[in-house]
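To start, the structure under review is shown below, and the notes come after it.
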Amino acid sequence: MTGAVDVAFPQIALRRYIHEITDGPFGSSLTSSHYSNDGARVIRLGNIGLACFKDADAAYIPLHHFENLRRHEVHPGDLIIAGLGDGNHPVGRACVAPTNLGPALVKADCFRARLDESRLTHRYAAWALSSSFVCDQVSTLTRGSTRARINLEMARDIRIPVPSVEEQRRITRFLDVEAGKIDSLISKKNQLISLLDERIDSRILQHIGASELVHPSTGDPALPIRRALTKVIRPAVANADVITAYRDGQVTERGLRRAEGYTLSATTDPQGQSVRVGDVVVHGLDGFAGAIGTSEAVGNCSPVYHVCVPVGDGDSRFLGRLLRLLAIQGYLGNFATSTRERAVDFRNWDLFGRIPIPAVPSKEQREIGEWITRLRPLRGAVRKSEALATERRQALITAAVTGQFDVTTASGRNVTEGVSV
């Protein structure tokens, strides 16, 4: 915890430097029903990395609605703090709003702060708040049974190491460069996986494009899902691990993955049915977001999932990937009769099983399935490497903001040693 680290700089409560701080709108004033394709950006928890702004998963609200929420507005350079966290994304982490940010506001569970820049720079504060030293401290303030949470008063009371402004700027320059190297290494590895994924998806899309789904009169044959997959219901296995379908398409033991990227099932019994390696697993509510895939592990899953096996000599690896691709392309959602909290409701197997999909020859299915199999260990290695690199990045941030070494003399050294492409 915080007492285990010697801090070379004074530790001062954030409130001493805050000119203004606000949280996001709660309740009915901003809900998912207000989202649109453009307008004012809604900055959410997923956009707040460890001292970095994550630009993925953009959400917007119409400008006319934004006008009613101006007090939550975010300007470029503002400090954005996460008021909610989990084991992998700590509460209290922070980033700085990017310079190219247009009209924007923070969502609930996020805070926007403006500091006295002459005494505490926003960029340094983001690094300090994202350090293990501060995250450990904040964890002692949090409340919440499943996810750590802080309110505005708690955020004001966070104590961070505060060196002179000159030293803050030196630390910021050092971390911008050295943490940037680690981020670049992580990005290159993920780009490699993305290129290989695109190759697989491109080949599957060729079959979709040549089928009756796209050319009703002249396309290759299609068939309903229930003729390619059979739904099975097996009794749960005692003491087995919980199997989860993640939105990136991986289906595996929940304990092997981070705590994000899936939806908790609406049931009190997560041990409803057993899953075997090679089963095609479809989340009945979250499948539209990509929570479909072929299981890599043995365990139990909630009854909200459809657990399926191929009909005849079909390939489960291919079929799981095909269904996921059709889901994230928006095709499967066209057949839903109801929605629940922005989730397409496919818990009814009779409805889901009638959806037409391309009829791809089994030989072609197996060949694509082999591509998927060869990619799997590489993806696992990249995830492991990313986790190690992230730990290294966190350690570097903590050491710099607590003054464990002189960043001036450290600059230019191989401080990212041990992290390789």
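For the structure tokens, the naming scheme is as follows: chains receive sequential letters (A, B, ...) according to their order of presentation, residues are indexed from 1 within each chain, and ligands are indexed from 1 in presentation order.
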Within 12 Å of Ala395 (chain A) using only C-alpha atoms, minus same-chain residues under 2 positions, as a CSV table (one decimal) with all heavy atoms, in the first residue's frame:
```csv
chain,number,residue,atom,x,y,z
A,5,VAL,N,6.0,2.8,0.1
A,5,VAL,CA,6.8,3.6,-0.9
A,5,VAL,C,7.3,4.9,-0.2
A,5,VAL,O,6.5,5.6,0.3
A,5,VAL,CB,6.0,3.9,-2.1
A,5,VAL,CG1,6.9,4.7,-3.1
A,5,VAL,CG2,5.6,2.6,-2.8
A,50,LEU,N,-4.7,5.2,-18.1
A,50,LEU,CA,-3.8,5.6,-17.1
A,50,LEU,C,-2.9,6.7,-17.6
A,50,LEU,O,-2.0,6.5,-18.3
A,50,LEU,CB,-2.9,4.4,-16.7
A,50,LEU,CG,-3.6,3.3,-15.9
A,50,LEU,CD1,-2.6,2.1,-15.7
A,50,LEU,CD2,-4.1,3.7,-14.6
A,127,TRP,N,-0.7,12.0,-14.5
A,127,TRP,CA,0.3,11.0,-14.2
A,127,TRP,C,0.3,10.6,-12.7
A,127,TRP,O,0.3,9.4,-12.4
A,127,TRP,CB,1.7,11.5,-14.6
A,127,TRP,CG,2.0,11.6,-16.0
A,127,TRP,CD1,2.3,12.7,-16.7
A,127,TRP,CD2,2.1,10.5,-17.0
A,127,TRP,NE1,2.6,12.4,-18.1
A,127,TRP,CE2,2.4,11.0,-18.2
A,127,TRP,CE3,1.9,9.1,-16.9
A,127,TRP,CZ2,2.5,10.2,-19.4
A,127,TRP,CZ3,2.0,8.3,-18.0
A,127,TRP,CH2,2.3,8.9,-19.2
A,128,ALA,N,0.3,11.5,-11.8
A,128,ALA,CA,0.3,11.2,-10.4
A,128,ALA,C,-1.0,10.4,-10.0
A,128,ALA,O,-0.9,9.4,-9.3
A,128,ALA,CB,0.4,12.5,-9.6
A,130,SER,N,-2.7,8.5,-11.7
A,130,SER,CA,-2.7,7.1,-12.4
A,130,SER,C,-1.6,6.2,-11.8
A,130,SER,O,-1.4,5.1,-12.3
A,130,SER,CB,-2.5,7.3,-13.9
A,130,SER,OG,-3.6,8.0,-14.4
A,131,SER,N,-0.8,6.7,-10.9
A,131,SER,CA,0.3,5.9,-10.3
A,131,SER,C,-0.3,4.9,-9.3
A,131,SER,O,-1.4,5.1,-8.7
A,131,SER,CB,1.3,6.8,-9.6
A,131,SER,OG,0.7,7.4,-8.4
A,132,SER,N,0.5,3.8,-9.1
A,132,SER,CA,0.0,2.8,-8.1
A,132,SER,C,0.0,3.4,-6.7
A,132,SER,O,-0.9,3.0,-5.9
A,132,SER,CB,1.0,1.6,-8.1
A,132,SER,OG,1.0,1.0,-9.3
A,133,PHE,N,0.9,4.3,-6.4
A,133,PHE,CA,0.9,5.0,-5.1
A,133,PHE,C,-0.4,5.6,-4.8
A,133,PHE,O,-1.0,5.4,-3.7
A,133,PHE,CB,2.0,6.0,-5.1
A,133,PHE,CG,2.1,6.8,-3.8
A,133,PHE,CD1,2.7,6.3,-2.7
A,133,PHE,CD2,1.5,8.1,-3.8
A,133,PHE,CE1,2.7,7.0,-1.5
A,133,PHE,CE2,1.5,8.8,-2.6
A,133,PHE,CZ,2.1,8.3,-1.5
A,175,LEU,N,7.9,11.0,-18.7
A,175,LEU,CA,6.9,9.9,-18.8
A,175,LEU,C,6.2,10.0,-20.2
A,175,LEU,O,5.8,8.9,-20.7
A,175,LEU,CB,5.8,10.1,-17.7
A,175,LEU,CG,6.3,9.7,-16.3
A,175,LEU,CD1,5.3,10.0,-15.2
A,175,LEU,CD2,6.7,8.2,-16.2
A,178,GLU,N,8.9,8.0,-22.2
A,178,GLU,CA,9.2,6.6,-21.9
A,178,GLU,C,7.9,5.7,-21.8
A,178,GLU,O,7.9,4.6,-22.3
A,178,GLU,CB,9.9,6.5,-20.5
A,178,GLU,CG,11.2,7.3,-20.5
A,178,GLU,CD,12.2,6.8,-21.5
A,178,GLU,OE1,12.0,5.6,-22.0
A,178,GLU,OE2,13.2,7.5,-21.9
A,179,ALA,N,6.8,6.3,-21.3
A,179,ALA,CA,5.6,5.5,-21.3
A,179,ALA,C,5.1,5.4,-22.7
A,179,ALA,O,4.4,4.4,-23.1
A,179,ALA,CB,4.5,6.2,-20.4
A,182,ILE,N,6.4,2.3,-24.4
A,182,ILE,CA,5.7,1.1,-24.0
A,182,ILE,C,4.4,1.1,-24.7
A,182,ILE,O,4.0,0.0,-25.2
A,182,ILE,CB,5.5,1.1,-22.5
A,182,ILE,CG1,6.9,1.0,-21.8
A,182,ILE,CG2,4.6,-0.1,-22.1
A,182,ILE,CD1,6.8,1.1,-20.3
A,388,LEU,N,2.1,-7.6,-19.1
A,388,LEU,CA,3.4,-7.3,-18.5
A,388,LEU,C,3.9,-5.9,-18.8
A,388,LEU,O,4.5,-5.2,-17.9
A,388,LEU,CB,4.4,-8.3,-19.0
A,388,LEU,CG,4.2,-9.8,-18.5
A,388,LEU,CD1,5.2,-10.7,-19.3
A,388,LEU,CD2,4.5,-9.9,-17.0
A,389,ALA,N,3.7,-5.5,-20.0
A,389,ALA,CA,4.1,-4.1,-20.4
A,389,ALA,C,3.3,-3.1,-19.6
A,389,ALA,O,3.8,-2.0,-19.2
A,389,ALA,CB,3.9,-3.9,-21.9
A,390,THR,N,2.0,-3.3,-19.4
A,390,THR,CA,1.2,-2.4,-18.6
A,390,THR,C,1.7,-2.3,-17.2
A,390,THR,O,1.7,-1.2,-16.6
A,390,THR,CB,-0.3,-2.8,-18.7
A,390,THR,OG1,-0.7,-2.9,-20.0
A,390,THR,CG2,-1.2,-1.9,-17.9
A,391,GLU,N,2.1,-3.5,-16.6
A,391,GLU,CA,2.6,-3.4,-15.3
A,391,GLU,C,3.9,-2.6,-15.2
A,391,GLU,O,4.2,-1.9,-14.3
A,391,GLU,CB,2.9,-4.9,-14.8
A,391,GLU,CG,1.7,-5.7,-14.5
A,391,GLU,CD,2.0,-7.1,-14.1
A,391,GLU,OE1,3.2,-7.4,-13.9
A,391,GLU,OE2,1.1,-7.9,-14.0
A,392,ARG,N,4.8,-2.8,-16.2
A,392,ARG,CA,6.0,-2.0,-16.3
A,392,ARG,C,5.7,-0.5,-16.5
A,392,ARG,O,6.4,0.3,-15.8
A,392,ARG,CB,6.8,-2.5,-17.6
A,392,ARG,CG,8.0,-1.7,-17.9
A,392,ARG,CD,9.1,-1.8,-16.9
A,392,ARG,NE,10.3,-1.0,-17.2
A,392,ARG,CZ,11.2,-0.7,-16.4
A,392,ARG,NH1,11.2,-1.1,-15.2
A,392,ARG,NH2,12.3,0.0,-16.8
A,393,ARG,N,4.7,-0.2,-17.2
A,393,ARG,CA,4.4,1.2,-17.4
A,393,ARG,C,3.9,1.8,-16.1
A,393,ARG,O,4.3,2.9,-15.7
A,393,ARG,CB,3.3,1.3,-18.5
A,393,ARG,CG,2.8,2.7,-18.9
A,393,ARG,CD,1.7,2.6,-19.9
A,393,ARG,NE,1.4,3.9,-20.5
A,393,ARG,CZ,0.5,4.7,-19.9
A,393,ARG,NH1,-0.1,4.5,-18.8
A,393,ARG,NH2,0.2,5.9,-20.6
A,397,ILE,N,5.6,4.9,-13.9
A,397,ILE,CA,4.9,6.1,-13.5
A,397,ILE,C,5.0,6.3,-12.0
A,397,ILE,O,5.3,7.4,-11.6
A,397,ILE,CB,3.4,6.0,-13.9
A,397,ILE,CG1,3.1,5.9,-15.4
A,397,ILE,CG2,2.6,7.1,-13.3
A,397,ILE,CD1,1.7,5.5,-15.8
A,398,THR,N,4.8,5.3,-11.2
A,398,THR,CA,4.9,5.4,-9.8
A,398,THR,C,6.3,5.8,-9.3
A,398,THR,O,6.4,6.7,-8.5
A,398,THR,CB,4.5,4.0,-9.1
A,398,THR,OG1,3.2,3.7,-9.6
A,398,THR,CG2,4.6,4.1,-7.6
A,399,ALA,N,7.3,5.2,-9.9
A,399,ALA,CA,8.7,5.6,-9.5
A,399,ALA,C,9.0,7.0,-9.9
A,399,ALA,O,9.7,7.7,-9.1
A,399,ALA,CB,9.7,4.7,-10.2
A,400,ALA,N,8.5,7.5,-11.0
A,400,ALA,CA,8.8,8.9,-11.4
A,400,ALA,C,8.1,9.9,-10.5
A,400,ALA,O,8.7,10.9,-10.1
A,400,ALA,CB,8.4,9.1,-12.9
A,401,VAL,N,6.8,9.7,-10.3
A,401,VAL,CA,6.0,10.7,-9.5
A,401,VAL,C,6.3,10.7,-8.0
A,401,VAL,O,6.1,11.7,-7.3
A,401,VAL,CB,4.5,10.6,-9.8
A,401,VAL,CG1,4.2,10.7,-11.2
A,401,VAL,CG2,3.9,9.3,-9.2
A,402,THR,N,6.9,9.6,-7.5
A,402,THR,CA,7.3,9.6,-6.1
A,402,THR,C,8.7,10.0,-5.9
A,402,THR,O,9.2,10.0,-4.8
A,402,THR,CB,7.0,8.2,-5.5
A,402,THR,OG1,7.7,7.2,-6.3
A,402,THR,CG2,5.5,7.8,-5.5
A,404,GLN,N,11.5,8.4,-6.9
A,404,GLN,CA,12.4,7.3,-6.6
A,404,GLN,C,13.7,7.3,-7.5
A,404,GLN,O,14.7,6.7,-7.2
A,404,GLN,CB,11.7,5.9,-6.9
A,404,GLN,CG,10.6,5.7,-5.9
A,404,GLN,CD,9.9,4.4,-6.2
A,404,GLN,OE1,10.5,3.4,-6.5
A,404,GLN,NE2,8.6,4.3,-6.0
A,415,VAL,N,14.9,2.6,-19.9
A,415,VAL,CA,14.0,2.3,-18.8
A,415,VAL,C,12.9,1.3,-19.1
A,415,VAL,O,12.2,0.9,-18.3
A,415,VAL,CB,13.4,3.6,-18.3
A,415,VAL,CG1,14.5,4.5,-17.7
A,415,VAL,CG2,12.7,4.4,-19.4
A,416,THR,N,12.7,1.0,-20.4
A,416,THR,CA,11.7,0.0,-20.8
A,416,THR,C,12.4,-1.3,-21.1
A,416,THR,O,11.8,-2.2,-21.7
A,416,THR,CB,11.0,0.5,-22.1
A,416,THR,OG1,11.9,0.7,-23.1
A,416,THR,CG2,10.2,1.8,-21.8
```
For Phe318 (chain A), work out the shell of residues within 8 Å, counting only C-alpha atoms and skipping chain neighbours fewer than 6 positions away, then give it as a list in words.
->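 Counting only C-alpha atoms, the residues come to Gln365, Arg366, Ile368, Gly369 and Ile372 of chain A.
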Rank nothing, just name the residue among A:Lys363, A:Arg276, A:Arg159, A:His64 nearest to Gly314 (chain A), using only C-alpha atoms.
-> A:Lys363
Using only C-alpha atoms, find the one residue out of A:Ala58, A:Ile225, A:Asn300, A:Phe346 that sits nearest to Gly320 (chain A).
-> A:Ile225
Would you kindly return, as a PyMOL selection string, each protein, DNA or RNA residue with an atom no farther than 9 Å from any atom of region 352-362 of chain A, considering only C-alpha atoms and excluding same-chain residues fewer than 6 positions away?
-> chain A and resi 207-208+210-213+220-231+284+313-315+322-323+326+332+335-336+346
Members of region 188-383 of chain A assigned helix (DSSP H, G or I) by DSSP, as a PyMOL selection string = chain A and resi 188-209+225-228+254-256+287-289+316-328+332-335+349-353+362-383
Region 105-117 of chain A environment, 6 Å, only C-alpha atoms, sequence neighbours closer than 4 positions dropped, as a list in words |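 Final neighbour list, sorted by chain and number: Tyr17, Ile18, His19, Glu20, Ile21, Thr22, Asp23, Gly24, Pro25, Phe26, Val42, Ile43, Arg44, His72, Glu73, Val74, Asp78, Leu79, Ile80, Ile81, Ala82, Gly83, Leu84 and Thr121 of chain A.
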Please provide the set of residues having any atom within 12 Å of Ala13 (chain A), restricted to only C-alpha atoms, with same-chain residues fewer than 5 positions apart removed, written as a list in words.
-> Ile18, Leu120, Ala125, Leu129, Val134, Gln137, Val138, Glu153, Met154, Ala155, Arg156, Asp157, Ile158, Arg159, Ile160, Pro161 and Val162 of chain A
